[in-house]
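A.B. asks: My structure is below; once you've seen it, I'll send some questions.
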Amino acid sequence: MQIHFRTKEESNRIQQEAFLKLAPVDRFYAFLDLMDAMKEFPSKEIDKNKDNFVIKLYKDT
């Protein structure tokens with residue numbers, strides 16, 4: 001295991017270059033894996049009883 005000390009900009013550039021070297025289908029699967037991993041991160045709960053801004057794209061009947 002190696003430890004590299006880099007700036008944030010350098011680290012982001014290296015990650016982006018590695019991602020862009022992937023084939024398009026592999027990029028898509030990496031994106032799906034990332035979306036699946038996002039489920040594990042804590043998120044803010046939404047109060048459904050609160051009057052939030054809602055956009056309706058249909059007419060109420």
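Residue numbering restarts at 1 for every chain of the structure tokens, chains are lettered A, B, ... in their displayed order, and ligands are numbered from 1 as they appear.
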From a DSSP calculation on the backbone, collect every residue of chain A in helix (DSSP H, G or I) and output the set as a PyMOL selection string.
C.D. replies: chain A and resi 8-20+24-40
